[in-house]
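For reference, the structure is listed below as structure tokens.
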Amino acid sequence: MKNCDRGNAPAEFVLVSALLVSMVLGLLQVLMMGYVRHALSAAAAEGARQASLLDVTKSEALRVTQDLVTESLSANYATDISFARSSLLGTPTSEVVIVAPIPVLGVWSVGGSFRVVAHAPLERVP
């Protein structure tokens, strides 16, 4: 009787390793998206806090936000940042909105962009 399973190991290795590599790349993509979203949220929150202070101008707060995004990610993510005055739950706030592309890792693209919004209450004159 002949052994029919002889020579199957290389084929099984190729099939399993291709699946494993695609799963690892998918996991890295999800982790990268989470990191970018967290970094953008932190930069937007700090920018909103800076913009809410009385002695800080809008351009200074924009520069701080751009610097934070550039240092933690890249200058490509710091191109669409906007500031506005708004009201949240009846409290006047400064609002920062950052729109940045979703990062691409590997050979596929998920497309789209992140939109991160942060608010901070305006500082009042004593």
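Identifiers for the structure tokens are assigned positionally: chains receive A, B, ... in sequence, residues are indexed from 1 per chain, and ligands are indexed from 1 in the order shown.
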Original post:
Which neighbours of Val116 (chain A) fall inside 9 Å, counting only C-alpha atoms, when residues of the same chain fewer than 5 positions from it are skipped, and could you give them as a PyMOL selection string?
Top reply: chain A and resi 37+40-41+44+96-100
Subject >> All helix (DSSP H, G or I) positions in chain A, as a PyMOL selection string >> reply: chain A and resi 9-51+58-72+75-78
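Counting only C-alpha atoms and comparing A:Ile102, A:Leu88, A:Leu62, A:Val69, the residue that lies closest to Gly34 (chain A) is A:Ile102.
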As a short mmCIF file (atom, residue, chain, number, x, y, z; two decimals) with C-alpha atoms, in the first residue's frame, please: the residues near Ala48 (chain A) (cut-off 6 Å, only C-alpha atoms, same-chain neighbours under 5 positions excluded).
```
data_model
loop_
_atom_site.label_atom_id
_atom_site.label_comp_id
_atom_site.auth_asym_id
_atom_site.auth_seq_id
_atom_site.Cartn_x
_atom_site.Cartn_y
_atom_site.Cartn_z
CA SER A 94 -14.11 76.22 21.23
CA GLU A 95 -14.43 73.45 18.68
CA VAL A 96 -11.60 71.84 16.73
CA HIS A 119 -14.67 70.75 22.39
CA ALA A 120 -13.36 72.72 25.34
#
```
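Of the residues listed (A:Leu122, A:Pro103, A:Ser59, A:Ser52), A:Pro103 shows the shortest atom-to-atom separation from Val30 (chain A); distances use only C-alpha atoms.
Excluding Pro92 (chain A) itself and any same-chain residue fewer than 5 positions from it, the protein and nucleic acid residues within 7 Å of it, counting only C-alpha atoms, are Ser86, Ser87, Pro121 and Leu122 of chain A.
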Just N, CA and C atoms for this one: save the residues we selected as a compact mmCIF listing (two decimals), in the first residue's frame.
```txt
# COMPACT_ATOMS: atom_id res chain seq x y z
N SER A 86 -18.51 77.43 19.38
CA SER A 86 -19.80 76.74 19.36
C SER A 86 -20.37 76.70 20.76
N SER A 87 -21.49 76.04 20.90
CA SER A 87 -22.13 75.88 22.19
C SER A 87 -22.46 74.41 22.36
N PRO A 121 -14.52 74.08 27.01
CA PRO A 121 -15.25 75.28 27.45
C PRO A 121 -14.36 76.51 27.40
N LEU A 122 -14.94 77.63 26.99
CA LEU A 122 -14.18 78.86 26.89
C LEU A 122 -13.83 79.39 28.28
```
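Nearest-residue note for Gly26 (chain A): choosing from A:Pro126, A:Leu68, A:Gly112, A:Leu105, the minimum distance belongs to A:Leu105, counting only C-alpha atoms.
Between CA of Thr79 (chain A) and CA of Glu123 (chain A) the separation is 27.0 Å.
Between CA of Arg115 (chain A) and CA of Met23 (chain A) there is a distance of 26.9 Å.
For the pair CA of Phe13 (chain A) and CA of Val104 (chain A), the interatomic distance is 27.8 Å.
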